[in-house]
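> Please find query.cif (mmCIF, C-alpha atoms) on the next line:
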```
data_run
#
loop_
_atom_site.group_PDB
_atom_site.id
_atom_site.type_symbol
_atom_site.label_atom_id
_atom_site.label_comp_id
_atom_site.auth_asym_id
_atom_site.auth_seq_id
_atom_site.Cartn_x
_atom_site.Cartn_y
_atom_site.Cartn_z
ATOM 1 C CA VAL D 1 22.933 13.947 -8.509
ATOM 2 C CA LEU D 2 19.932 13.722 -6.209
ATOM 3 C CA ALA D 3 19.843 10.074 -5.105
ATOM 4 C CA VAL D 4 16.416 9.364 -3.648
ATOM 5 C CA ALA D 5 16.883 6.292 -1.454
ATOM 6 C CA PHE D 6 13.243 5.271 -1.828
ATOM 7 C CA THR D 7 10.867 4.302 -4.610
ATOM 8 C CA GLY D 8 8.646 7.360 -4.242
ATOM 9 C CA TYR D 9 9.873 10.768 -5.360
ATOM 10 C CA GLY D 10 6.626 12.756 -5.172
ATOM 11 C CA VAL D 11 8.024 15.302 -2.698
ATOM 12 C CA HIS D 12 10.869 16.384 -4.985
ATOM 13 C CA ASP D 13 10.625 19.234 -7.485
ATOM 14 C CA LEU D 14 11.653 17.369 -10.633
ATOM 15 C CA ASP D 15 11.167 20.398 -12.870
ATOM 16 C CA ALA D 16 13.554 22.483 -10.768
ATOM 17 C CA CYS D 17 16.104 19.658 -10.757
ATOM 18 C CA SER D 18 15.845 19.276 -14.518
ATOM 19 C CA ALA D 19 16.292 23.002 -15.059
ATOM 20 C CA ALA D 20 19.363 23.012 -12.785
ATOM 21 C CA GLY D 21 20.932 20.013 -14.497
ATOM 22 C CA VAL D 22 20.476 17.743 -11.511
ATOM 23 C CA ILE D 23 19.938 14.044 -12.226
ATOM 24 C CA VAL D 24 17.306 12.485 -9.951
ATOM 25 C CA CYS D 25 17.415 8.737 -9.392
ATOM 26 C CA ASN D 26 15.188 6.515 -7.274
ATOM 27 C CA VAL D 27 15.314 2.928 -6.037
ATOM 28 C CA PRO D 28 12.515 0.960 -7.701
ATOM 29 C CA ASP D 29 11.459 -2.510 -6.590
ATOM 30 C CA TYR D 30 13.747 -2.794 -3.565
ATOM 31 C CA SER D 31 10.856 -3.444 -1.160
ATOM 32 C CA SER D 32 8.107 -4.847 -3.379
ATOM 33 C CA ASP D 33 8.159 -8.249 -1.686
ATOM 34 C CA SER D 34 8.291 -6.687 1.774
ATOM 35 C CA VAL D 35 5.305 -4.430 1.100
ATOM 36 C CA ALA D 36 3.338 -7.214 -0.561
ATOM 37 C CA GLU D 37 3.901 -9.513 2.402
ATOM 38 C CA MET D 38 2.759 -6.783 4.802
ATOM 39 C CA ALA D 39 -0.474 -6.373 2.851
ATOM 40 C CA ILE D 40 -1.137 -10.078 3.375
ATOM 41 C CA ALA D 41 -0.062 -9.910 7.026
ATOM 42 C CA LEU D 42 -2.419 -7.015 7.784
ATOM 43 C CA THR D 43 -5.292 -8.820 6.090
ATOM 44 C CA LEU D 44 -4.688 -11.991 8.093
ATOM 45 C CA ALA D 45 -4.297 -9.978 11.303
ATOM 46 C CA VAL D 46 -7.730 -8.433 10.758
ATOM 47 C CA TYR D 47 -9.413 -11.603 9.473
ATOM 48 C CA ARG D 48 -8.067 -13.857 12.244
ATOM 49 C CA GLU D 49 -8.263 -11.212 15.018
ATOM 50 C CA ILE D 50 -4.586 -11.734 15.871
ATOM 51 C CA PRO D 51 -4.022 -8.520 17.895
ATOM 52 C CA THR D 52 -7.145 -9.218 19.985
ATOM 53 C CA GLY D 53 -6.074 -12.797 20.626
ATOM 54 C CA ASP D 54 -2.568 -11.712 21.601
ATOM 55 C CA SER D 55 -3.890 -9.148 24.089
ATOM 56 C CA LEU D 56 -6.323 -11.702 25.484
ATOM 57 C CA VAL D 57 -3.666 -14.322 26.235
ATOM 58 C CA ARG D 58 -1.210 -11.755 27.637
ATOM 59 C CA GLY D 59 -3.970 -10.573 29.984
ATOM 60 C CA GLY D 60 -4.622 -14.067 31.322
ATOM 61 C CA GLY D 61 -7.668 -14.742 29.180
ATOM 62 C CA TRP D 62 -8.307 -17.594 26.807
ATOM 63 C CA VAL D 63 -11.725 -17.656 25.131
ATOM 64 C CA LEU D 64 -11.952 -15.566 21.980
ATOM 65 C CA SER D 65 -15.516 -15.069 20.842
ATOM 66 C CA SER D 66 -14.594 -15.768 17.217
ATOM 67 C CA GLY D 67 -11.647 -17.315 15.420
ATOM 68 C CA GLY D 68 -12.217 -15.109 12.410
ATOM 69 C CA VAL D 69 -12.758 -16.056 8.782
ATOM 70 C CA GLU D 70 -10.737 -17.591 5.960
ATOM 71 C CA LEU D 71 -9.202 -15.785 3.016
ATOM 72 C CA ARG D 72 -9.979 -18.622 0.598
ATOM 73 C CA GLY D 73 -12.884 -17.798 -1.670
ATOM 74 C CA LYS D 74 -12.873 -14.088 -0.923
ATOM 75 C CA THR D 75 -12.819 -11.379 -3.595
ATOM 76 C CA VAL D 76 -9.801 -9.096 -3.345
ATOM 77 C CA GLY D 77 -9.765 -5.732 -5.113
ATOM 78 C CA ILE D 78 -6.387 -4.272 -6.032
ATOM 79 C CA ALA D 79 -6.480 -0.486 -6.428
ATOM 80 C CA GLY D 80 -3.391 0.248 -8.493
ATOM 81 C CA THR D 81 -2.058 -2.725 -10.441
ATOM 82 C CA GLY D 82 1.535 -1.656 -10.897
ATOM 83 C CA LEU D 83 4.561 -3.606 -9.725
ATOM 84 C CA ILE D 84 3.598 -3.957 -6.057
ATOM 85 C CA GLY D 85 -0.135 -4.234 -6.687
ATOM 86 C CA THR D 86 0.428 -7.143 -9.045
ATOM 87 C CA ARG D 87 2.853 -8.762 -6.587
ATOM 88 C CA VAL D 88 0.136 -8.539 -3.915
ATOM 89 C CA ALA D 89 -2.415 -10.004 -6.321
ATOM 90 C CA ARG D 90 -0.170 -13.049 -6.838
ATOM 91 C CA LEU D 91 -0.015 -13.686 -3.107
ATOM 92 C CA PHE D 92 -3.760 -13.339 -2.617
ATOM 93 C CA LYS D 93 -4.262 -15.659 -5.590
ATOM 94 C CA ALA D 94 -2.154 -18.298 -3.795
ATOM 95 C CA PHE D 95 -4.619 -18.112 -0.896
ATOM 96 C CA GLY D 96 -7.461 -19.055 -3.247
ATOM 97 C CA CYS D 97 -8.930 -15.569 -3.671
ATOM 98 C CA SER D 98 -10.637 -14.113 -6.741
ATOM 99 C CA ILE D 99 -8.753 -11.032 -7.933
ATOM 100 C CA ILE D 100 -10.220 -7.884 -9.462
ATOM 101 C CA GLY D 101 -8.478 -4.609 -10.121
ATOM 102 C CA TRP D 102 -8.899 -0.951 -10.902
ATOM 103 C CA SER D 103 -6.028 1.184 -12.171
ATOM 104 C CA ARG D 104 -5.371 4.189 -14.371
ATOM 105 C CA SER D 105 -3.670 1.838 -16.844
ATOM 106 C CA GLU D 106 -4.067 -1.903 -17.370
ATOM 107 C CA ASN D 107 -1.168 -4.239 -16.638
ATOM 108 C CA PRO D 108 -0.972 -7.389 -18.826
ATOM 109 C CA GLU D 109 0.826 -9.239 -16.027
ATOM 110 C CA PHE D 110 -2.136 -8.627 -13.715
ATOM 111 C CA MET D 111 -4.469 -10.199 -16.246
ATOM 112 C CA GLU D 112 -2.093 -13.119 -16.859
ATOM 113 C CA ILE D 113 -2.433 -14.220 -13.245
ATOM 114 C CA GLY D 114 -6.211 -14.204 -13.510
ATOM 115 C CA GLY D 115 -7.014 -10.663 -12.470
ATOM 116 C CA SER D 116 -9.883 -8.885 -14.183
ATOM 117 C CA TYR D 117 -10.444 -5.146 -14.408
ATOM 118 C CA VAL D 118 -13.648 -3.563 -13.114
ATOM 119 C CA SER D 119 -14.872 -0.041 -12.504
ATOM 120 C CA ARG D 120 -13.760 1.810 -9.409
ATOM 121 C CA GLU D 121 -17.331 1.685 -8.096
ATOM 122 C CA GLU D 122 -17.565 -2.088 -8.547
ATOM 123 C CA LEU D 123 -14.201 -2.703 -6.929
ATOM 124 C CA PHE D 124 -15.189 -0.950 -3.690
ATOM 125 C CA SER D 125 -18.730 -2.294 -3.585
ATOM 126 C CA THR D 126 -18.001 -5.967 -4.313
ATOM 127 C CA SER D 127 -14.563 -6.658 -2.797
ATOM 128 C CA ASP D 128 -14.182 -8.412 0.539
ATOM 129 C CA VAL D 129 -10.681 -6.928 0.765
ATOM 130 C CA VAL D 130 -9.480 -3.753 -0.980
ATOM 131 C CA SER D 131 -5.701 -3.311 -1.053
ATOM 132 C CA ILE D 132 -4.402 0.148 -2.001
ATOM 133 C CA HIS D 133 -1.267 0.426 -4.164
ATOM 134 C CA ILE D 134 -1.519 3.927 -5.632
ATOM 135 C CA PRO D 135 1.587 6.168 -5.804
ATOM 136 C CA ASN D 136 1.554 9.500 -4.014
ATOM 137 C CA ASN D 137 1.746 12.492 -6.343
ATOM 138 C CA ALA D 138 -0.134 15.680 -7.172
ATOM 139 C CA GLN D 139 -2.754 13.747 -9.150
ATOM 140 C CA THR D 140 -3.466 11.113 -6.489
ATOM 141 C CA ILE D 141 -3.797 13.128 -3.275
ATOM 142 C CA LYS D 142 -7.101 12.070 -1.641
ATOM 143 C CA MET D 143 -7.928 10.077 -4.767
ATOM 144 C CA ILE D 144 -9.754 7.536 -2.607
ATOM 145 C CA GLY D 145 -12.548 9.606 -1.116
ATOM 146 C CA ARG D 146 -15.647 9.244 0.996
ATOM 147 C CA ALA D 147 -17.765 8.041 -1.918
ATOM 148 C CA ASP D 148 -15.363 5.126 -2.468
ATOM 149 C CA LEU D 149 -15.104 4.242 1.216
ATOM 150 C CA GLU D 150 -18.861 4.356 1.749
ATOM 151 C CA ARG D 151 -19.234 1.539 -0.770
ATOM 152 C CA LEU D 152 -17.376 -0.835 1.541
ATOM 153 C CA ARG D 153 -19.457 -3.201 3.680
ATOM 154 C CA PRO D 154 -19.081 -3.764 7.455
ATOM 155 C CA SER D 155 -17.407 -7.098 6.671
ATOM 156 C CA SER D 156 -14.997 -5.484 4.182
ATOM 157 C CA VAL D 157 -11.331 -4.853 4.984
ATOM 158 C CA LEU D 158 -9.372 -1.883 3.623
ATOM 159 C CA ILE D 159 -5.611 -2.396 3.440
ATOM 160 C CA ASN D 160 -3.248 0.518 2.809
ATOM 161 C CA THR D 161 0.484 -0.099 2.517
ATOM 162 C CA ALA D 162 0.951 2.596 -0.170
ATOM 163 C CA ARG D 163 0.739 6.195 1.072
ATOM 164 C CA GLY D 164 -1.646 7.776 3.551
ATOM 165 C CA GLN D 165 -2.112 10.850 1.371
ATOM 166 C CA VAL D 166 -3.952 8.939 -1.366
ATOM 167 C CA ILE D 167 -6.945 8.425 0.957
ATOM 168 C CA ASP D 168 -9.171 11.130 2.411
ATOM 169 C CA GLU D 169 -8.118 10.491 6.013
ATOM 170 C CA GLU D 170 -10.906 12.556 7.537
ATOM 171 C CA ALA D 171 -13.502 10.413 5.778
ATOM 172 C CA LEU D 172 -11.542 7.248 6.587
ATOM 173 C CA VAL D 173 -11.464 7.973 10.309
ATOM 174 C CA ASP D 174 -15.105 9.026 10.407
ATOM 175 C CA LEU D 175 -16.242 5.794 8.779
ATOM 176 C CA LEU D 176 -13.946 3.645 10.936
ATOM 177 C CA TYR D 177 -15.456 5.289 14.032
ATOM 178 C CA GLN D 178 -18.862 4.274 12.750
ATOM 179 C CA GLY D 179 -17.769 0.696 12.118
ATOM 180 C CA LYS D 180 -18.623 0.926 8.424
ATOM 181 C CA PHE D 181 -15.710 -1.395 7.561
ATOM 182 C CA ARG D 182 -12.472 -2.791 9.000
ATOM 183 C CA ALA D 183 -8.932 -1.821 8.087
ATOM 184 C CA GLY D 184 -5.247 -2.682 8.196
ATOM 185 C CA LEU D 185 -3.128 0.463 7.852
ATOM 186 C CA ASP D 186 0.618 1.021 7.641
ATOM 187 C CA VAL D 187 0.567 4.611 6.342
ATOM 188 C CA TYR D 188 -1.053 7.886 7.383
ATOM 189 C CA HIS D 189 -1.127 11.524 6.326
ATOM 190 C CA ALA D 190 1.727 12.375 8.711
ATOM 191 C CA GLU D 191 4.767 10.313 9.701
ATOM 192 C CA SER D 192 3.680 10.014 13.321
ATOM 193 C CA SER D 193 1.122 8.138 15.363
ATOM 194 C CA PRO D 194 -2.281 9.586 14.408
ATOM 195 C CA ALA D 195 -4.269 11.235 17.189
ATOM 196 C CA TRP D 196 -7.230 9.002 16.388
ATOM 197 C CA ALA D 197 -5.319 5.713 16.712
ATOM 198 C CA SER D 198 -6.555 4.804 20.194
ATOM 199 C CA LYS D 199 -10.159 5.574 19.338
ATOM 200 C CA VAL D 200 -10.802 3.249 16.406
ATOM 201 C CA ALA D 201 -12.146 -0.234 16.986
ATOM 202 C CA LYS D 202 -9.858 -3.205 17.630
ATOM 203 C CA SER D 203 -10.942 -4.524 14.243
ATOM 204 C CA THR D 204 -8.545 -1.951 12.778
ATOM 205 C CA VAL D 205 -4.888 -3.059 12.847
ATOM 206 C CA LEU D 206 -2.309 -0.257 12.785
ATOM 207 C CA MET D 207 1.414 -0.425 11.963
ATOM 208 C CA PRO D 208 3.994 2.450 12.046
ATOM 209 C CA HIS D 209 4.915 2.591 8.325
ATOM 210 C CA VAL D 210 7.269 -0.383 8.270
ATOM 211 C CA ALA D 211 5.963 -2.369 5.300
ATOM 212 C CA TYR D 212 9.107 -1.548 3.306
ATOM 213 C CA LYS D 213 11.487 -1.935 6.238
ATOM 214 C CA THR D 214 12.718 -5.520 6.234
ATOM 215 C CA LYS D 215 16.426 -6.251 6.666
ATOM 216 C CA GLU D 216 16.649 -7.620 3.140
ATOM 217 C CA ALA D 217 14.913 -4.614 1.567
ATOM 218 C CA LEU D 218 17.141 -2.101 3.350
ATOM 219 C CA VAL D 219 20.276 -3.855 2.108
ATOM 220 C CA ARG D 220 18.917 -3.800 -1.461
ATOM 221 C CA ARG D 221 18.053 -0.110 -1.091
ATOM 222 C CA PHE D 222 21.580 0.740 0.025
ATOM 223 C CA ASP D 223 23.230 -1.225 -2.784
ATOM 224 C CA ILE D 224 21.011 0.249 -5.502
ATOM 225 C CA THR D 225 21.407 3.812 -4.168
ATOM 226 C CA VAL D 226 25.200 3.544 -4.254
ATOM 227 C CA GLU D 227 25.085 2.096 -7.772
ATOM 228 C CA ASN D 228 22.742 4.929 -8.869
ATOM 229 C CA ILE D 229 25.288 7.521 -7.671
ATOM 230 C CA ARG D 230 28.220 5.770 -9.307
ATOM 231 C CA ALA D 231 26.398 5.368 -12.623
ATOM 232 C CA ALA D 232 25.194 8.977 -12.717
ATOM 233 C CA LEU D 233 28.613 10.408 -11.921
ATOM 234 C CA SER D 234 30.148 8.238 -14.635
ATOM 235 C CA GLY D 235 27.773 9.734 -17.198
ATOM 236 C CA SER D 236 25.525 6.689 -17.624
ATOM 237 C CA PRO D 237 22.697 7.216 -15.115
ATOM 238 C CA ILE D 238 20.335 4.402 -14.208
ATOM 239 C CA ASN D 239 16.919 4.603 -12.535
ATOM 240 C CA GLN D 240 16.700 8.275 -13.582
ATOM 241 C CA VAL D 241 13.215 9.720 -13.089
ATOM 242 C CA ASN D 242 13.680 13.162 -14.664
ATOM 243 C CA LYS D 243 14.927 14.436 -17.976
ATOM 244 C CA LEU D 244 17.501 17.210 -18.070
ATOM 245 C CA LEU D 245 16.447 20.197 -20.177
ATOM 246 C CA ASN D 246 19.620 20.080 -22.270
ATOM 247 C CA ASN D 247 19.126 16.393 -23.129
#
```
I'd like the structure from this file rewritten - as structure tokens, please.

Amino acid sequence: VLAVAFTGYGVHDLDACSAAGVIVCNVPDYSSDSVAEMAIALTLAVYREIPTGDSLVRGGGWVLSSGGVELRGKTVGIAGTGLIGTRVARLFKAFGCSIIGWSRSENPEFMEIGGSYVSREELFSTSDVVSIHIPNNAQTIKMIGRADLERLRPSSVLINTARGQVIDEEALVDLLYQGKFRAGLDVYHAESSPAWASKVAKSTVLMPHVAYKTKEALVRRFDITVENIRAALSGSPINQVNKLLNN
């Protein structure tokens, strides 16, 4: 049994595991609320200039040139309307936002909460906030490229709490340098502080890949991982993501 203690399993060779008779299990939905809340938190941090205000007060200052803007009435584009993407859409909806989405498959739940599907081009060109919720796999590496990012406006905010690999990071950094849009990022191509972090504008809020890492989510992850192992060893696997060749 290969017990992946995360939701994503894109770095594992499922074909090799299947051929060797190894059951691969993951932990779905343990951190959906945590990630969804971080997407909102990053958006508010950018919109209300929270990091700038914090630094200002700590440095003895007081007057912030702008108090930011409200979320209410803004159009939020959800790129990837799976479990987490739809959870994020619900939260943005509670703030009074209009919700649009683009995904490789349509989710009825997303439409039930008032979300409407648009083309990829329309999502990036018309959204005030674009929140990325695309899984990382061989088909999605650099899926969000320069052409998509160039459609964002200077007032737009790009939020990524999914995986850094799904965005063309070279194009992302180049356009952030130019001030083409703002961003709230929790993930990057490598699991380390990016070399460009200190060079992007203060309108970009950066976090060290902790969207999933709340106390509650980590407890759920542990419990589900243990149950996955027990179930697989008893011959009744749950949360299995591969199919054994002799099945």
> Could you tell me which residues the PyMOL selection byres ((chain D and resi 118) around 7) returns for this structure, as a list in words?
Ile100, Gly101, Trp102, Ser116, Tyr117, Ser119, Arg120, Glu122 and Leu123 of chain D
> Quick one, how far is CA of Asp174 in chain D from CA of Ser125 in chain D?
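According to the coordinates, CA of Asp174 in chain D and CA of Ser125 in chain D are separated by 18.4 Å.
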> At what distance in Å, to one decimal, does CA of Gly10 in chain D lie from CA of Arg90 in chain D?
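Between these atoms lies a distance of 26.7 Å.
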> List, as a ChimeraX atom specification, every residue that the PyMOL selection byres ((chain D and resi 66-73) around 6) selects in the file provided.
/D:47-48,64-65,74,95-97
> Which residue is closest to Ala16 in chain D? Choose from D:Leu185, D:Leu44, D:Leu244, D:Ala39 and count only C-alpha atoms.
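Using only C-alpha atoms, Ala16 in chain D sits closest to D:Leu244.
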> Figure out the distance between CA of Ile99 in chain D and CA of Lys202 in chain D, please, to one decimal in Å.
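So the answer is 26.8 Å.
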> Written as a PyMOL selection string, what is the full residue list that the PyMOL selection byres ((chain D and resi 81) around 8) yields on the file shown?
chain D and resi 78-80+82-86+101-103+106-107+110+133
> Excluding same-chain residues fewer than 5 positions from Val88 in chain D, what lies within 8 Å of it counting only C-alpha atoms, as a ChimeraX atom specification?
/D:36-37,39-40
> Report the centre and edge lengths, in Å to one decimal, of an axis-aligned box enclosing every atom of range 73-86 of chain D listed in the file, padded by 8 Å on each side, as lines of an AutoDock Vina configuration file.

```
center_x = -4.2
center_y = -8.8
center_z = -5.9
size_x = 33.4
size_y = 34.0
size_z = 26.0
```
> Env of range 227-237 of chain D: 8 Å cut, atoms = only C-alpha atoms, seq-sep filter 2 positions within chain, self excluded. Answer as a PyMOL selection string.
chain D and resi 1+3+23+25-26+223-225+239-240
> Here is a test: counting only C-alpha atoms, which residue of D:Met143, D:Val210, D:Leu91, D:Leu158 is nearest to Gly77 in chain D?
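Of D:Met143, D:Val210, D:Leu91, D:Leu158, the one nearest Gly77 in chain D, counting only C-alpha atoms, is D:Leu158.
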> For each of D:Phe92, D:Tyr30, D:Tyr188, D:Phe181, take the minimum atom-to-atom distance to Pro154 in chain D, counting only C-alpha atoms, then give the residue where this is smallest.
D:Phe181
